[in-house]
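The next block holds one structure in the form of C-alpha cells; read it before the comments.
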Amino acid sequence: MTTAAAAPYNIGEIWKFVRLSLIWMGIIFGAVWLVSWVVGAVIPALIDQAAGKDAVLHNLANIIRLLTPLIAVMVFIPINATYMVLAERRGLALLTVRKGPNRVGPDGFLQTGADAVKLLFKENIDPEGSDPLMFTLAPIIFFAPSVFGAIPLLAAVTSDHELFHIVNLPTGIFYVLAMSSIPVVGIVMGGWASNNKYSLVGGLRSAAQAISYEIPLVLAVITVCLLVGTLNVVDIAWLQNPMALAGLDNSPQAAQALQRWESIRGASHMAAPSISSIGVNSLADFGFLNWNIFGGDKFTSYLALLAAGKYTVEAAIFKGLAALLLIISSFLLCGLYLTGACAEINRIPFDLPEAESELVSGYNTEYSGIRFAIFFLAEFTNLFIVSTIAVVMWFGGGSSPFPATLYAPVMQALAGVCGAVNEVLKGIGLPAILEATTLSGAIWAIAKTYFLVYFAILVRGTLPRFRIDQLMDFGWKRLIPLSLILLLTVTFLKELI
Amino acid sequence: MFALVGRSIESLRQVARGLGTVLKHAAREPITKEFPDTMPQLAGHFRGRLALAVNPQTGDHLCISCLQCERVCPDKCIQITSHKSPETNKPELINFKIDHGLCMFCGLCTEVCPTNCIINTNDFEMADYSRESLVYDLKKLTLTQDESAHYYSKKELPMPKPKPKPAAKPAAGAAAAKPAADKPAGKPEAKAEAKPEAKPESAEAKPAAAAPEAKAAEESAAKPAETQAKAEDSAAKAIETQAKTVETATKAEETAAKSGETQQKAEEVLKAAEASTKTEESSEKPEEKTREIDLGRVPAKSDEAAETKAAEEPKKEGEQ
Amino acid sequence: MTLELTSPELKTQEMIINMGPQHPATHGVLRLVVTLDGEIVKHVEPVLGHLHRAQEWQGQNRTIFQYQALIDRVDYLSGMFTSWAMARSAEEIDGLKVPKRAEYLRVILSEMNRITSHLLWLGTYLIDLGAMFGFPFYPFREREKLFDLFEAVAGQRMMFNYIRIGGVVRNPPFGWFDKLKQFLDEFPDRIDEYEAIVTENPIFLKRTQGVGYLSPEVAMNYGMSGPCVRASGINLDLRKFKPYSVYPEIDFKVPVMQEGDTWARYMCRIAEMRECVNIIRQCIEKIPGGTTEELRKTLGTTTPEKDDSKDLDPEWLLMAKKQNAGLRIKAGEGFSAVESPRGTIGCYVVSNGSDKAYRFRWRNPSFCNLSALSHLLVGSPIADVMAIFGSIDVILPDVDR
Ligand code: SF4
Ligand code: SF4
C-alpha cells in the first residue's frame with residue numbers, strides 16, 4: 001500500500017492499464033501486419049520467382065494473395081479477444097476501485113492466456129439428454145459469422161489497401177449486417193440442445209430480443225446509407241475522410257477524387273450550390289466534423305459553402321436550421337444503433353439471455369471447457385465488430401479527427417517511417433506493403449473502436465438490467481417508432497441542405 | 001409527446017450522471033489489498049491463532065494448568081494434560097493441545113485465563129494439508145519471549161508478576177527422568193533406548209522456556225547444587241523403585257550428571273536471552289508512546305529461531 | 001377464421017421451477033418452488049431449513065457464557081443485534097443495570113452494524129437487479145472500512161462477541177473514535193454517490209417502482225417488521241415505539257415511506273443509513289467519559305488497566321456483571337427485542353438459575369418477513385422474483401437459525 005499511498009490519485013493503476021493496452025496493441029498490430037505481409041506479399045513473390053513461366057504456380061500465388069484478408073482476420077480475432085477480455089477486467093477494476101488481475105505475467109499481462117489454457121484443459125461435459133451435434137455446433141455457429149462478417153470492415157479501416165481490395169464489396173454493409181444476425185441462431189440452438197429449462201428460456205429470450213432490436217439497428221444503419229448514398233463500407237469511410245485529400249489543389253488526384261465523389265453521390269447530390277464548385281478538398285480542414293455523427297459531409301459542405309459566401313442570407317438560415325436538425329438526427333441515430341447493438345450482443349443492460357439472477361447463466365449454463373471458451377470469445381468479438389461498424393458508419397472509419405493542416409506533419413512522419421521500412425525490405429529483396437495512409441487509418445480505427453469498447457465497459461459497470469417485458473416495450477414502443485421517424489426526417493433533410 | 005421527450009431527456013441525463021459518477025471512480029485509489037505481498041495491519045485485539053504466552057520479562061511459562069480455558073471452550077477444542085508436581089503439590093503442565101480445526105476463535109478462553117497465558121495472536125494463516133496438523137501442541141503453541149512482549153504491548157495486557165517462588169520446578173533433569181519413569185519396569189535395554197528419546201522430549205516440553213526456568217532458579221539464589229541434588233535424588237529414586245538393577249541406577253546417575261551439564265549450558269543460553277530482553281526493552285519504549293506502531297512480522301522470525309534453538313539443544317546433548 | 005383460444009388443442013401448461021437452493025441469486029440457501037404460467041408466477045412455496053443449525057438447542061446445551069459466543073451466528077450480518085437481544089433478556093431477568101458508557105458503546109456499534117448490513121443489502125440488491133460488475137463494489141468498500149473498525153474493537157469482522165450480559169467487553173483502542181469520525185464525515189458523500197448512480201436511474205426506477213407492493217394490512221397480518229413495514233407506511237420502530245437503551249436521549253428520525261413498493265424499501269434503507277450517521281455522531285458527543293483518549297486522560301493512564309476500577313464513576317464502567325466461565329443468571333424468564341436492520345429481533349430466555357439456560361427461543365425478523373414472500377410474488381413476472389425477494393432483505397441463517 002505504500003506506493004499507492006504516495007500517489008494521491010490512481011495514477012499508478014491507470015498508467016499500468018495504458019501501458020498494458022499499448023503493449024497489446026503493438027502485439028496485435030505486429031502480428032496482423034506480419035501475417036498479411038508474409039501471406040500477401042512474401043510467399044506469392046517467392047512462388048512467382050520460382051514459377052518462371054508455369055501458369056499454374058502463378059495462379060496459386062494469386063490465390064494465396066486473395067486469401068490474405070481471411071487469414072489476417074483469423075489471426076486478428078483471437079489475439080484481439082485476448083486483449084479485450086483483459087481490458088474489460090482491468091477496466092472494470094479501475095471503475096470499481098480495484099486492481100484487477102495482476103498476478104499472471106507483469107500486471108496480469110498473460111491472464112487471459114492462463115484462463116484460456118484452463119478452459120482448454122477442462123472437461124467437455126455433455127449434459128444428459130442433450131443433443132450432442134447441436135450442442136457442439138451452437139458455439140461454432142455463434143462464432144463463425146463474426147469472423148466472416150468482419151472482413152469487409154477490414155477494407156474500410158485500412159483505406160482500401162491493395163491486399164484487402166478483394167473484400168471491397170459494393171454492398172458491404174448489407175453483408176456485414178446479414179452476417180451479424182446469424183449468431184442468434186447459435187444461441188437458440190445452444191439453449192435448446194442443452195436440455196435445461198434455464199438455457200431454453202435464455203435462448204428463446206435471446207431470439208425475441210434479437211428480432212426486436214435488429215429492426216431499429218438496421219433502420220439506423222440504413223438511414224446513414226441513405227444519407228451518404230452508398231452501401232459500400234469503403235466508400236462510406238472514404239466520404240468521411242476528406243482529410244486524405246488535403247493539399248491536392250488542382251492536381252490530377254483532386255480531380256479524380258472529385259469524380260469519385262460525384263460518382264458515389266450521383267443524382268442525390270443535386271442541391272445547389274454544390275460542393276463541386278469549390279472542390280472537395282476544401283472540406284479537409286473540418287476534421288472530425290466530417291464524420292457522419294455530425295451529419296457527415298452534408299454539414300461540412302454547408303459550412304464550406306457558407307464560408308465561401310455562396311449562400312444568400314435566407315438560404316443560409318434555412319439550410320443552417322436543416323443542418324442543425326440533421327446533427328440531432330445523426331446523434332440519435334448513433335445512439336439508436338449503439339442501443340440496438342448492445343441488445344444484439346447481449347451486453348448489459350440488455351443481457352437478458354444470460355441474466356444471472358434469474359436464469360443462472362442463460363443459454364450457456366450447461367457449457368464448459370472449450371465450447372464455453374468459444375462462446376466467450378465470440379461475445380467479445382461481437383462487441384468489437386459492432387463497435388467497428390459504428391466507427392465506420394458514424395465515426396469516420398480510419399480518418400483522423402484533426403484538421404488536415406494540423407495532421408499533415410504526422411502523416412509526413414508516418415510516410416517517412418513507412419518509406420524507410422519499405423526501403424530496408426526492398427534492400428534485402430523482399431516485397432514491401434507498408435503505406436502511410438493505411439497505417440494511420442488502421443491506428444485511428446482501432447483507437448476509436450476501443451473508445452467504444454471502453455464505453456461499453458463503463459455502461460456495464462453502471463447500469464442494472466431491464467426486465468424482459470420492459471425490454472420489449474422499450475424496443476417496440478420507443479426505439480422502432482423513433483428509428484422510423486428518423487428515417488423519414490433524414491430523407492428530407494438530406495435534400496434540403 | 002412533449003412529456004415523453006422531456007422524460008427521455010431526463011432519463012438520459014440521469015444515466016449520464018450515473019456513468020459520470022462511475023467514471024470518476026477510475027481516478028480513486030484502489031482498495032485492493034495484495035494480501036500475500038502486503039500483510040494487513042491487524043488490530044491488537046484481532047482474534048487469530050491461539051498461542052500460549054510466556055512472561056515477557058522473565059520468560060516463565062505463564063500457564064498454571066488451571067484448566068479454565070479447557071472448561072469454557074464452547075467447541076471443546078482445548079486438551080490439557082497436567083499432573084500434580086510431587087514437590088510443590090501444584091499442577092504442572094505436560095502437554096497442551098488446541099485443535100485449530102475446531103476452534104471458532106471466539107476468544108472466550110483468552111478472557112477467562114487468569115494469567116493471560118492463552119492469547120489470540122494476529123496470525124491467521126494456518127492453512128495446512130491435513131486435519132491432524134491443525135492440532136497444535138505445547139511446543140507449537142508457546143510463544144517466545146519476544147513474541148509475548150509484542151502481543152502483550154499490542155493488546156495492552158497488564159504485565160504478569162514474576163513468579164513469587166523460585167520456580168521450584170525441577171530442572172530439566174527431573175523432567176527428563178519422568179517420562180522414563182513412566183515406562184514399564186524391568187526392561188533395562190528398553191530404558192537405555194528410551195533415554196535419548198526422553199531428553200528431546202524434555203527439551204520440547206519446555207522449548208524456549210527451558211533456559212529461562214533455569215535462570216529463574218539462578219536468580220532467586222536457590223543453590224544450583226541443591227536443585228541438582230534434588231533432581232538427582234528424584235530421578236534415582238523414581239528409577240530405583242521401578243527397576244532395581246544396578247546398571248539402570250548408574251545410568252540414572254549418568255542422566256543426572258548430564259542434566260547438570262544441561263543446566264550449565266542453559267546458563268549460557270540464559271545470558272544471551274538476557275541480552276535480548278534488554279534490547280527488547282529498549283525497543284519497546286518508543287512503542288509504548290506511539291501505540292499505532294506495528295511490529296509486523298517480527299514474531300514469525302523469532303518463532304523460527306526458537307524452533308531451531310529447541311531442535312539444536314537436544315542434538316548437542318545427544319552428542320555428549 | 002378466428003383462433004379459438006379455448007379449444008382443447010391449445011391448452012397451456014403450468015411449469016414448476018426450482019429456484020435454489022443452488023441458484024446464483026438466492027441469498028444463502030433458500031429454495032423457492034415457483035409455479036409459473038408462462039412468465040407469471042402463480043404460486044410460490046419457500047422451502048426452509050437448509051441452514052438449520054439448531055441455535056436454540058445449542059444454547060440449551062452450553063453454558064450461557066459459552067452461548068454468548070455463538071449468538072452472532074444467528075444473524076451473521078447483524079451480530080451486534082442478536083447478542084444485544086439476548087443480553088437484554090438476561091439483564092431483564094437478572095435486574096441488571098447496564099452502565100451508561102456501555103449502553104452508548106452498544107448503540108454506536110449497533111448502528112455501525114446497521115450500516116454494514118444495509119450496505120451489504122444495497123450491493124447484493126443491485127446484483128439481483130443485474131448491475132453485476134460495477135456498483136456493488138462501492139458499498140462493499142465502505143463496509144470494509146467499518147469492518148476494520150469492528151475488528152479493532154471487537155476482535156473480528158463479523159463474529160463480534162462484543163455485547164455481553166451486563167455490558168460490553170472493552171473500550172475501543174486509541175485512535176478508534178477519530179477513525180470513526182473520519183468515516184462519518186465521508187460516508188454521507190458516499191451515499192450521495194450511490195444515489196447519483198442508482199436512485200434516479202431510469203432502468204432502476206422501472207425495475208422497482210410499483211413492483212412488489214406490500215399493503216400495510218398484509219404487513220401487519222404477517223407480523224413483518226423493519227424497513228419493509230416502514231416502507232409501507234407503518235411507523236414501527238422499536239427504538240421509538242418501545243424505547244430501550246439510550247435511544248430516548250438521542251434525537252433521530254425514523255424514515256417512513258408510504259409507497260410500499262420495492263423502491264420505497266430501497267429509499268427507506270438509504271435514509272436509515274443517513275440516520276445512523278446522525279445517531280453515531282450524537283453518541284460520540286454524549287458518551288459518558290468521552291472517547292477512549294479522553295477517558296484515559298482523566299484516569300491518568302494510557303492502558304486499559306483502570307477501565308474497570310472500583311473508584312470509577314459507575315456510569316463510566318463497561319460491565320455490570322463479572323464475566324467468567326460460571327456466569328449465571330437468576331431463575332426466571334424474560335423476553336426483550338431490539339430493532340435490527342431487518343426488523344424486530346427478540347430473544348426469549350428461561351433460566352433456572354444454573355449456568356445453563358433452560359430454554360432459548362428466538363424471534364427472527366427474517367422469518368416473519370419471508371412468510372409474506374408468497375403473497376408478494378403471486379402475479380408478478382419471474383424476472384421480478386429476485387427483485388422482490390431481494391428487497392425484503394432476508395438473511396437465511398436468520399430464517400433457519
Ligand atoms: S477461541 Fe473459543 S473455540 Fe477457540 S479454543 Fe478458545 S474458547 Fe475454544
Ligand atoms: S486458563 Fe490459562 S492458565 Fe489456565 S490452563 Fe488455560 S492457559 Fe493455562
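Letters for chains follow the order of the C-alpha cells (A, B, ...), residue numbers begin at 1 for each chain, and ligand numbers begin at 1 in the order shown.
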
- [ ] Compute the set of chain B residues within 10 Å of chain C, using only C-alpha atoms, and express it as a PyMOL selection string.
- [x] chain B and resi 7-8+10-22+25+30-32+41-48+68-69+71-75+104-109+111-113+120+122+153+155-158+288-292

Taking only C-alpha atoms and all ligand atoms into account, list the residues no farther than 9 Å from ligand 2, as a tab-separated table (two decimals) with C-alpha atoms, in the first residue's frame.
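This went into out-v1.tsv:
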```tsv
chain	number	residue	atom	x	y	z
B	51	ALA	CA	-0.95	-19.25	21.48
B	52	LEU	CA	0.49	-19.54	24.95
B	53	ALA	CA	2.48	-16.59	26.13
B	62	LEU	CA	2.58	-18.48	32.27
B	63	CYS	CA	0.21	-21.41	32.21
B	64	ILE	CA	-0.69	-22.64	35.65
B	65	SER	CA	-2.80	-25.53	34.37
B	66	CYS	CA	-5.95	-24.22	35.94
B	67	LEU	CA	-7.99	-25.77	33.13
B	68	GLN	CA	-10.27	-22.74	32.95
B	69	CYS	CA	-9.82	-22.43	29.22
B	70	GLU	CA	-10.50	-26.09	28.67
B	71	ARG	CA	-13.72	-25.83	30.59
B	72	VAL	CA	-15.02	-22.71	28.94
B	78	ILE	CA	-8.54	-27.50	24.12
B	80	ILE	CA	-4.65	-30.07	28.63
B	93	LEU	CA	1.70	-28.73	32.57
B	96	PHE	CA	-1.42	-28.54	25.84
B	109	CYS	CA	-10.61	-18.96	26.55
B	110	THR	CA	-8.40	-15.90	26.47
B	111	GLU	CA	-10.90	-13.99	28.57
B	112	VAL	CA	-11.07	-16.48	31.39
B	113	CYS	CA	-7.38	-17.23	31.62
B	114	PRO	CA	-6.27	-15.90	35.00
B	115	THR	CA	-2.66	-15.35	33.94
B	116	ASN	CA	-3.30	-14.05	30.42
B	117	CYS	CA	-1.35	-17.01	29.22
B	118	ILE	CA	-3.51	-18.12	26.33
B	119	ILE	CA	-3.88	-15.29	23.86
```

Open item on the list: Show me, as a PyMOL selection string, the residues that have an atom within 6 Å of stretch 327-334 of chain A when counting only C-alpha atoms, minus same-chain residues fewer than 3 positions from it.
Closed with: chain A and resi 220+293-295+324+337

Task: Nearest residue to chain A from the set B:Leu143, B:Met159, B:Ala26, B:Ala127 (distances using only C-alpha atoms) - done: B:Ala26

- [ ] To one decimal in Å, tell me the separation between atom CA of A:Arg89 and atom CA of A:Phe384.
- [x] 15.4 Å

- [ ] Within 12 Å of stretch 410-425 of chain A, counting only C-alpha atoms, which residues show up once you throw out same-chain ones fewer than 3 positions away? Write them as a count of residues only, please.
- [x] 29

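Atom pair atom CA of A:Thr462 / atom CA of A:Leu95: separated by 9.3 Å.
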
TODO: Report the residues of stretch 23-197 of chain A whose backbone DSSP state falls under helix (DSSP H, G or I), written as a VMD selection string.
DONE: chain A and resid 23 to 51 55 to 95 106 to 108 111 to 121 132 to 149 151 to 157 162 to 167 172 to 180 183 to 193 197

Hey, list the chain A side of the contact with chain B: 6 Å cut-off, only C-alpha atoms, answer as a compact mmCIF listing (two decimals) with C-alpha atoms, in the first residue's frame.
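Just written: selection19.txt:
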```txt
# COMPACT_ATOMS: atom_id res chain seq x y z
CA TYR A 9 -4.85 9.67 -7.26
CA ASN A 10 -4.88 6.46 -9.06
CA LEU A 94 -10.39 0.62 -12.44
CA LEU A 95 -14.01 1.70 -12.29
CA VAL A 97 -11.64 0.83 -7.24
CA ARG A 98 -9.91 -2.50 -7.53
```
